Amino acid sequence: MGLQMARLFKKYVNLLEKYPLATKSITGGIIASISDLVCQKLEQKYITKKSAPIDWVRNAKFTGINLLVICPLYHYYTAKLLPALIPVTNKIQLIKKIAFDQTAGATFFISVFFVGMSIFDGKGLGQGIENWKNKFWYTLQRNWLLWPAANGINFAFVPIQFQVLYFNFVSVFWNIFLSYAQNVYKPKQSPKHSPTFHLKKKKKKYSALI
């Protein structure tokens, strides 16, 4: 068993060397698909509490954006952009790299995800921007609970050619959350937008006139 796993890993490494973009993207797409399936099952168990068929259209869209957009972008981000901008030569550079990743990098990838998912859903750019407005800050805050530590390990210890692979495996858990954020999470309505708030306000004005 161990020998077979070693051979499979060696073949995977060979594919990474020959076809880095395609290999990383396909791996990310498979992991994204698994994450969404897990998320759908968790939704049925803990949120809707009803058994339902797998939504394969939703799964295909979530897989598609990771396969075709997120993972290819992340390949160039980790293999080209970050090493050129902030090569890790000491601890200070590592901290700078994590800080850049968790501000500019996280903002970019979260934005691409929410706007892109709306476009994949056929809702257009305008609805994508609205989707981003509603979910960006909520998602970024939870991103900071996981990725600073995860990417600190990634940037410090993982060779560049394996950084997307490491990212993909950590993303099993992150993608479960992203699937929830995209498909289930609804931002709480601010009181000032609540109909009952306006109704009470009008009643007060009416009482004052009397």
# chains A, B, ... in the order shown; residues from 1 in each chain; ligands from 1
>>> closest_atom_pairs(of="segment 81-125 of chain A", to="segment 158-170 of chain A", cutoff="12 Å", atoms="only C-alpha atoms", output="tab-separated table")
residue	atom	partner	partner_atom	distance
A:Leu81	CA	A:Ile160	CA	11.6
A:Leu82	CA	A:Ile160	CA	10.1
A:Pro83	CA	A:Ile160	CA	8.7
A:Pro87	CA	A:Ile160	CA	11.1
A:Val88	CA	A:Ile160	CA	11.1
>>> write_last_selection(atoms="N, CA and C atoms", output="compact mmCIF listing (two decimals), in the first residue's frame")
# COMPACT_ATOMS: atom_id res chain seq x y z
N LEU A 81 4.01 35.71 -9.27
CA LEU A 81 3.87 37.04 -8.68
C LEU A 81 4.52 37.16 -7.31
N LEU A 82 4.13 36.29 -6.38
CA LEU A 82 4.67 36.40 -5.02
C LEU A 82 6.19 36.24 -4.94
N PRO A 83 6.78 35.24 -5.60
CA PRO A 83 8.25 35.13 -5.55
C PRO A 83 8.96 36.36 -6.11
N PRO A 87 10.33 37.76 -2.32
CA PRO A 87 11.04 36.48 -2.10
C PRO A 87 11.32 36.28 -0.62
N VAL A 88 11.08 35.07 -0.13
CA VAL A 88 11.26 34.79 1.30
C VAL A 88 12.73 34.42 1.54
>>> residues_around(residues="segment 44-48 of chain A", least_positions_apart="5", cutoff="12 Å", atoms="only C-alpha atoms", output="NGL selection string")
:A and (37-39 or 53-55 or 180 or 184-185)
>>> write_last_selection(atoms="N, CA and C atoms", output="PDB file, in the first residue's frame")
ATOM      1  N   LEU A  37     -19.911  18.816  -2.179  1.00  0.00           N
ATOM      2  CA  LEU A  37     -20.762  17.669  -1.844  1.00  0.00           C
ATOM      3  C   LEU A  37     -20.873  17.498  -0.329  1.00  0.00           C
ATOM      4  N   VAL A  38     -19.741  17.659   0.372  1.00  0.00           N
ATOM      5  CA  VAL A  38     -19.756  17.591   1.844  1.00  0.00           C
ATOM      6  C   VAL A  38     -20.626  18.701   2.406  1.00  0.00           C
ATOM      7  N   CYS A  39     -20.477  19.909   1.851  1.00  0.00           N
ATOM      8  CA  CYS A  39     -21.268  21.053   2.316  1.00  0.00           C
ATOM      9  C   CYS A  39     -22.760  20.793   2.136  1.00  0.00           C
ATOM     10  N   PRO A  53     -31.919  15.345  -2.920  1.00  0.00           N
ATOM     11  CA  PRO A  53     -30.919  14.900  -3.899  1.00  0.00           C
ATOM     12  C   PRO A  53     -29.771  15.906  -3.994  1.00  0.00           C
ATOM     13  N   ILE A  54     -28.616  15.429  -4.400  1.00  0.00           N
ATOM     14  CA  ILE A  54     -27.478  16.316  -4.611  1.00  0.00           C
ATOM     15  C   ILE A  54     -27.805  17.299  -5.737  1.00  0.00           C
ATOM     16  N   ASP A  55     -27.508  18.557  -5.519  1.00  0.00           N
ATOM     17  CA  ASP A  55     -27.686  19.582  -6.551  1.00  0.00           C
ATOM     18  C   ASP A  55     -26.432  19.580  -7.429  1.00  0.00           C
ATOM     19  N   TYR A 180     -20.953  27.179   1.535  1.00  0.00           N
ATOM     20  CA  TYR A 180     -21.995  27.650   2.463  1.00  0.00           C
ATOM     21  C   TYR A 180     -22.223  29.153   2.278  1.00  0.00           C
ATOM     22  N   VAL A 184     -25.884  29.501   1.040  1.00  0.00           N
ATOM     23  CA  VAL A 184     -26.768  29.460   2.211  1.00  0.00           C
ATOM     24  C   VAL A 184     -26.763  30.768   2.998  1.00  0.00           C
ATOM     25  N   TYR A 185     -25.578  31.315   3.231  1.00  0.00           N
ATOM     26  CA  TYR A 185     -25.457  32.493   4.093  1.00  0.00           C
ATOM     27  C   TYR A 185     -26.247  33.675   3.544  1.00  0.00           C
TER      28      TYR A 185
END
>>> select_by_dssp(residues="segment 102-202 of chain A", states="alpha helix (DSSP H)", output="PyMOL selection string")
chain A and resi 106-120+124-157+160-183+195-202
>>> atom_distance(atom1="atom CA of Tyr138 of chain A", atom2="atom CA of Pro187 of chain A")
8.4 Å
>>> residues_around(residues="Trp132 of chain A", least_positions_apart="4", cutoff="9 Å", atoms="only C-alpha atoms", output="PyMOL selection string")
chain A and resi 110-115+127-128+136-137
>>> residues_around(residues="segment 27-31 of chain A", least_positions_apart="6", cutoff="9 Å", atoms="only C-alpha atoms", output="list in words")
Phe62, Thr63, Gly64, Ile65, Asn66, Leu67, Leu68, Ile70, Cys71, Val164, Leu165, Phe167, Asn168, Phe169, Ser171, Val172 and Asn175 of chain A
>>> residues_around(residues="segment 142-144 of chain A", least_positions_apart="2", cutoff="12 Å", atoms="only C-alpha atoms", output="MDAnalysis selection string")
chainID A and resid 98:99 101:103 105:107 109:110 135:140 146:152 170:171 173:175 177:178 181
>>> atom_distance(atom1="atom CA of Lys49 of chain A", atom2="atom CA of Ser179 of chain A")
17.5 Å
>>> atom_distance(atom1="atom CA of Ala52 of chain A", atom2="atom CA of Lys188 of chain A")
26.2 Å
